[in-house]
Amino acid sequence: MVQAATKKRKNKKEHCLREFLIEAENKIAYDIATSLLEDNATRYNPLFFYGPENSGKTHLLWSVYKEIQKKYEDSFEILYLTAKEFHEKFAKAARHHEYSIFRDTYRDCKYLFIEDLEYLSNKIKTQQELVFTMNALQSKSYQIVFSSQLPLRLLNLEPLLLSRVCNGLSVSMQPLSKKAVMEYCKRVSCVYGVQGEEKAIEALWDHCGKSFGKFQKMFQHLLAILSKKKQSISLPLIERSIQACLKQTKVPTLDSMLRCVAEHYQVPLETLKEKNGKKSLAKAKTVAIFLARDFLQMSVAQIQEIFGNRSESSIRYIMDKVLLDSSLLSEQLEIRKKIAVLLDQTEVPENILEQKTTELLEDPAQTITS
């Protein structure tokens, strides 16, 4: 029996292999991932795909997972889940004395995909359980696939689990270059017969946070409308659409970030901005300053004003400290995800930018000039 993923993200249902854009930086990853679809392929086990956000890991692996489902239908179990889901299900099984059910589920699936492996940082018992699961699956020659935003050398994993993952193949992935995206846009625009200003397309790409999946959906929506109206993609149109969108879209704020940090470390919110304090607060303050600079893109001057007039050198020290500490890196990634969840709970429509662009194009009172 093929079992669907335990939890589907909103965007996963739209991923498909034919829409994965291939360039030199991810060609090897694509070839290795799609080799899982071949019956007699020589496979590395486990496979570990890593790369920063928007490098296409979820798009590629979810698409391969869905293709395996189609190919084998109900022949055997295939599981796709996040490391967080694996941890939570393991903890629940332990609490409710259902460990045998958990064990039988995850040690007898022919393909096991687990993404966001960095989540298991400092979760010793779950890491040990994952080792047992890997041993059982590999003894049957069943395939294991992991993904992470961090390379193995920066993951805070127990030595035994780390060695098991290192025995497989690590594959690096990188976000698409602007050049590859522009070439894709030219090809697709020709199909629709729509011209587009390069600056307009770049503005849309930047607004989508360089997420190709989000950009691709929006770009194709624009082309479909503009081809009927015999119009081109102009910078004024994109700028006005984005401006209208931002009026309704929630963005990460300093307050939301600090609340997530305080909740994560179980510390009083007001203490995060203090320059001095207890040593027990040091980690929370360090991560808060790092996220303010790296995630919220605040200036050094703004950080100095908010976090107790720290020196510029101390802020640089904090940035370097987090980047060199695998535990802190994993924790700040987890907090970023909590902020994203907090924003997702708003009632802003997922396709708000598409809606606003459509409204501008279809409102005769609006004049969009090239």
# chains A, B, ... in the order shown; residues from 1 in each chain; ligands from 1

$ residues_around --residues "segment 167-170 of chain A" --least-positions-apart "6" --cutoff "6 Å" --atoms "only C-alpha atoms" --output "JSON, numbers by chain"
{"A": [44, 45, 46, 47, 48, 49]}

$ select_by_dssp --residues "segment 283-337 of chain A" --states "helix (DSSP H, G or I)" --output "number ranges by chain"
A: 283-294, 300-306, 312-324, 326-337

$ write_last_selection --atoms "C-alpha atoms" --output "mmCIF file, in the first residue's frame"
data_model
loop_
_atom_site.group_PDB
_atom_site.id
_atom_site.type_symbol
_atom_site.label_atom_id
_atom_site.label_comp_id
_atom_site.auth_asym_id
_atom_site.auth_seq_id
_atom_site.Cartn_x
_atom_site.Cartn_y
_atom_site.Cartn_z
ATOM 1 C CA LYS A 283 21.608 32.552 23.779
ATOM 2 C CA ALA A 284 18.155 34.080 23.256
ATOM 3 C CA LYS A 285 19.635 37.585 22.877
ATOM 4 C CA THR A 286 22.292 36.333 20.472
ATOM 5 C CA VAL A 287 19.717 34.683 18.195
ATOM 6 C CA ALA A 288 17.412 37.720 18.406
ATOM 7 C CA ILE A 289 20.195 40.051 17.216
ATOM 8 C CA PHE A 290 21.224 37.618 14.472
ATOM 9 C CA LEU A 291 17.638 37.388 13.169
ATOM 10 C CA ALA A 292 17.208 41.160 13.320
ATOM 11 C CA ARG A 293 20.240 41.579 11.053
ATOM 12 C CA ASP A 294 19.990 38.510 8.811
ATOM 13 C CA VAL A 300 23.577 48.008 12.416
ATOM 14 C CA ALA A 301 22.430 51.428 13.638
ATOM 15 C CA GLN A 302 18.862 50.170 14.124
ATOM 16 C CA ILE A 303 20.116 47.113 16.034
ATOM 17 C CA GLN A 304 22.305 49.295 18.245
ATOM 18 C CA GLU A 305 19.321 51.501 19.097
ATOM 19 C CA ILE A 306 17.023 48.560 19.916
ATOM 20 C CA GLU A 312 29.388 47.469 15.986
ATOM 21 C CA SER A 313 32.162 44.962 16.725
ATOM 22 C CA SER A 314 29.958 43.067 19.208
ATOM 23 C CA ILE A 315 27.220 42.781 16.577
ATOM 24 C CA ARG A 316 29.750 41.414 14.060
ATOM 25 C CA TYR A 317 30.944 38.957 16.706
ATOM 26 C CA ILE A 318 27.362 37.743 17.256
ATOM 27 C CA MET A 319 26.807 37.254 13.509
ATOM 28 C CA ASP A 320 30.000 35.202 13.183
ATOM 29 C CA LYS A 321 29.228 33.216 16.333
ATOM 30 C CA VAL A 322 25.850 32.033 15.041
ATOM 31 C CA LEU A 323 27.206 31.175 11.592
ATOM 32 C CA LEU A 324 29.941 29.019 13.153
ATOM 33 C CA SER A 326 25.619 24.448 14.261
ATOM 34 C CA SER A 327 23.300 24.403 17.280
ATOM 35 C CA LEU A 328 22.523 28.125 17.051
ATOM 36 C CA LEU A 329 22.091 27.875 13.286
ATOM 37 C CA SER A 330 19.538 25.096 13.682
ATOM 38 C CA GLU A 331 17.674 26.994 16.394
ATOM 39 C CA GLN A 332 17.420 30.224 14.412
ATOM 40 C CA LEU A 333 16.108 28.253 11.423
ATOM 41 C CA GLU A 334 13.416 26.759 13.647
ATOM 42 C CA ILE A 335 12.428 30.226 14.860
ATOM 43 C CA ARG A 336 12.187 31.479 11.262
ATOM 44 C CA LYS A 337 9.721 28.669 10.584
#

$ atom_distance --atom1 "atom CA of Cys190 of chain A" --atom2 "atom CA of His15 of chain A"
23.2 Å

$ atom_distance --atom1 "atom CA of Met173 of chain A" --atom2 "atom CA of Gly51 of chain A"
4.8 Å

$ residues_around --residues "Leu226 of chain A" --least-positions-apart "5" --cutoff "9 Å" --atoms "only C-alpha atoms" --output "PyMOL selection string"
chain A and resi 192+194+221+231-233+361

$ write_last_selection --atoms "N, CA and C atoms" --output "mmCIF file, in the first residue's frame"
data_model
loop_
_atom_site.group_PDB
_atom_site.id
_atom_site.type_symbol
_atom_site.label_atom_id
_atom_site.label_comp_id
_atom_site.auth_asym_id
_atom_site.auth_seq_id
_atom_site.Cartn_x
_atom_site.Cartn_y
_atom_site.Cartn_z
ATOM 1 N N TYR A 192 3.302 32.435 -25.129
ATOM 2 C CA TYR A 192 2.056 33.191 -24.922
ATOM 3 C C TYR A 192 1.948 34.397 -25.855
ATOM 4 N N VAL A 194 3.602 37.256 -25.450
ATOM 5 C CA VAL A 194 3.581 38.445 -24.592
ATOM 6 C C VAL A 194 5.007 38.949 -24.397
ATOM 7 N N HIS A 221 0.258 33.206 -14.492
ATOM 8 C CA HIS A 221 -1.048 33.850 -14.337
ATOM 9 C C HIS A 221 -1.078 35.168 -15.103
ATOM 10 N N GLN A 231 -1.482 42.885 -24.053
ATOM 11 C CA GLN A 231 -0.644 43.835 -23.324
ATOM 12 C C GLN A 231 0.673 43.179 -22.951
ATOM 13 N N SER A 232 1.647 44.015 -22.603
ATOM 14 C CA SER A 232 2.955 43.511 -22.187
ATOM 15 C C SER A 232 3.103 43.617 -20.670
ATOM 16 N N ILE A 233 4.106 42.948 -20.147
ATOM 17 C CA ILE A 233 4.397 43.035 -18.708
ATOM 18 C C ILE A 233 5.258 44.277 -18.491
ATOM 19 N N LEU A 361 -5.807 45.135 -14.072
ATOM 20 C CA LEU A 361 -5.955 44.926 -15.517
ATOM 21 C C LEU A 361 -7.406 45.017 -15.985
#

$ residues_around --residues "Leu37 of chain A" --least-positions-apart "4" --cutoff "8 Å" --atoms "only C-alpha atoms" --output "short mmCIF file (atom, residue, chain, number, x, y, z; two decimals) with C-alpha atoms, in the first residue's frame"
data_model
loop_
_atom_site.label_atom_id
_atom_site.label_comp_id
_atom_site.auth_asym_id
_atom_site.auth_seq_id
_atom_site.Cartn_x
_atom_site.Cartn_y
_atom_site.Cartn_z
CA VAL A 64 9.91 12.48 -7.29
CA GLU A 67 6.08 10.09 -9.48
CA ILE A 68 7.01 7.01 -7.43
#

$ select_by_dssp --residues "segment 100-335 of chain A" --states "strand (DSSP E or B)" --output "PyMOL selection string"
chain A and resi 111-115+143-148+169-172+196+233

$ write_last_selection --atoms "C-alpha atoms" --output "short mmCIF file (atom, residue, chain, number, x, y, z; two decimals), in the first residue's frame"
data_model
loop_
_atom_site.label_atom_id
_atom_site.label_comp_id
_atom_site.auth_asym_id
_atom_site.auth_seq_id
_atom_site.Cartn_x
_atom_site.Cartn_y
_atom_site.Cartn_z
CA TYR A 111 10.91 4.70 0.33
CA LEU A 112 11.24 7.10 3.26
CA PHE A 113 11.60 10.84 2.57
CA ILE A 114 12.36 13.11 5.55
CA GLU A 115 12.91 16.82 5.02
CA GLN A 143 15.66 3.80 0.12
CA ILE A 144 16.07 6.70 2.57
CA VAL A 145 16.16 10.35 1.42
CA PHE A 146 16.89 13.35 3.64
CA SER A 147 16.94 17.08 3.00
CA SER A 148 18.23 20.02 5.04
CA LEU A 169 25.70 10.59 -0.78
CA SER A 170 25.43 14.31 -0.02
CA VAL A 171 24.12 16.48 -2.85
CA SER A 172 24.33 20.27 -2.85
CA GLY A 196 7.91 41.74 -20.90
CA ILE A 233 4.40 43.03 -18.71
#

$ atom_distance --atom1 "atom CA of Pro175 of chain A" --atom2 "atom CA of Leu117 of chain A"
18.9 Å

$ residues_around --residues "Val191 of chain A" --least-positions-apart "4" --cutoff "12 Å" --atoms "only C-alpha atoms" --output "list of chain:residue names"
A:Tyr184, A:Cys185, A:Lys186, A:Arg187, A:Gln195, A:Gln220, A:Leu223, A:Ala224, A:Ser227

$ write_last_selection --atoms "C-alpha atoms" --output "short mmCIF file (atom, residue, chain, number, x, y, z; two decimals), in the first residue's frame"
data_model
loop_
_atom_site.label_atom_id
_atom_site.label_comp_id
_atom_site.auth_asym_id
_atom_site.auth_seq_id
_atom_site.Cartn_x
_atom_site.Cartn_y
_atom_site.Cartn_z
CA TYR A 184 12.88 30.82 -18.65
CA CYS A 185 10.68 33.94 -18.82
CA LYS A 186 11.74 34.67 -22.40
CA ARG A 187 10.89 31.14 -23.52
CA GLN A 195 6.49 40.85 -24.28
CA GLN A 220 2.10 32.24 -15.78
CA LEU A 223 0.87 35.79 -19.13
CA ALA A 224 -2.53 34.13 -19.39
CA SER A 227 -2.11 37.43 -23.81
#

$ residues_around --residues "Leu258 of chain A" --least-positions-apart "4" --cutoff "8 Å" --atoms "only C-alpha atoms" --output "list in words"
Leu254, Ala262, Leu269, Leu272 and Ala288 of chain A

$ closest_residue --among "A:Gly213, A:Pro151, A:Pro236, A:Gly193" --to "Val181 of chain A" --atoms "only C-alpha atoms"
A:Gly213

$ residues_around --residues "segment 119-129 of chain A" --least-positions-apart "4" --cutoff "7 Å" --atoms "only C-alpha atoms" --output "compact mmCIF listing (two decimals) with N, CA, C and O atoms, in the first residue's frame"
# COMPACT_ATOMS: atom_id res chain seq x y z
N ALA A 83 11.05 16.20 9.45
CA ALA A 83 11.70 15.69 10.67
C ALA A 83 10.87 16.05 11.90
O ALA A 83 10.81 15.28 12.87
N LYS A 84 10.23 17.20 11.85
CA LYS A 84 9.36 17.59 12.97
C LYS A 84 8.21 16.61 13.14
O LYS A 84 7.87 16.21 14.26
N HIS A 87 9.50 13.39 14.65
CA HIS A 87 9.74 13.58 16.08
C HIS A 87 8.43 13.56 16.88
O HIS A 87 8.32 12.89 17.91
N THR A 133 15.65 3.04 12.71
CA THR A 133 14.81 3.00 11.51
C THR A 133 15.67 2.82 10.27
O THR A 133 15.36 2.01 9.39
N ASN A 156 23.80 19.58 13.99
CA ASN A 156 24.11 19.17 15.35
C ASN A 156 23.50 17.79 15.62
O ASN A 156 22.51 17.65 16.34
N LEU A 157 24.10 16.76 15.01
CA LEU A 157 23.59 15.40 15.12
C LEU A 157 24.51 14.55 15.99
O LEU A 157 25.71 14.81 16.08
N LEU A 161 24.25 8.86 14.25
CA LEU A 161 23.36 9.25 13.15
C LEU A 161 24.15 9.96 12.07
O LEU A 161 23.96 9.72 10.87
N SER A 327 24.48 24.41 16.41
CA SER A 327 23.30 24.40 17.28
C SER A 327 22.51 25.69 17.15
O SER A 327 21.28 25.68 17.00
N SER A 330 20.75 25.91 13.73
CA SER A 330 19.54 25.10 13.68
C SER A 330 18.40 25.77 14.43
O SER A 330 17.25 25.78 13.97
N GLU A 334 14.69 27.19 13.07
CA GLU A 334 13.42 26.76 13.65
C GLU A 334 12.56 27.97 14.00
O GLU A 334 11.34 27.96 13.80
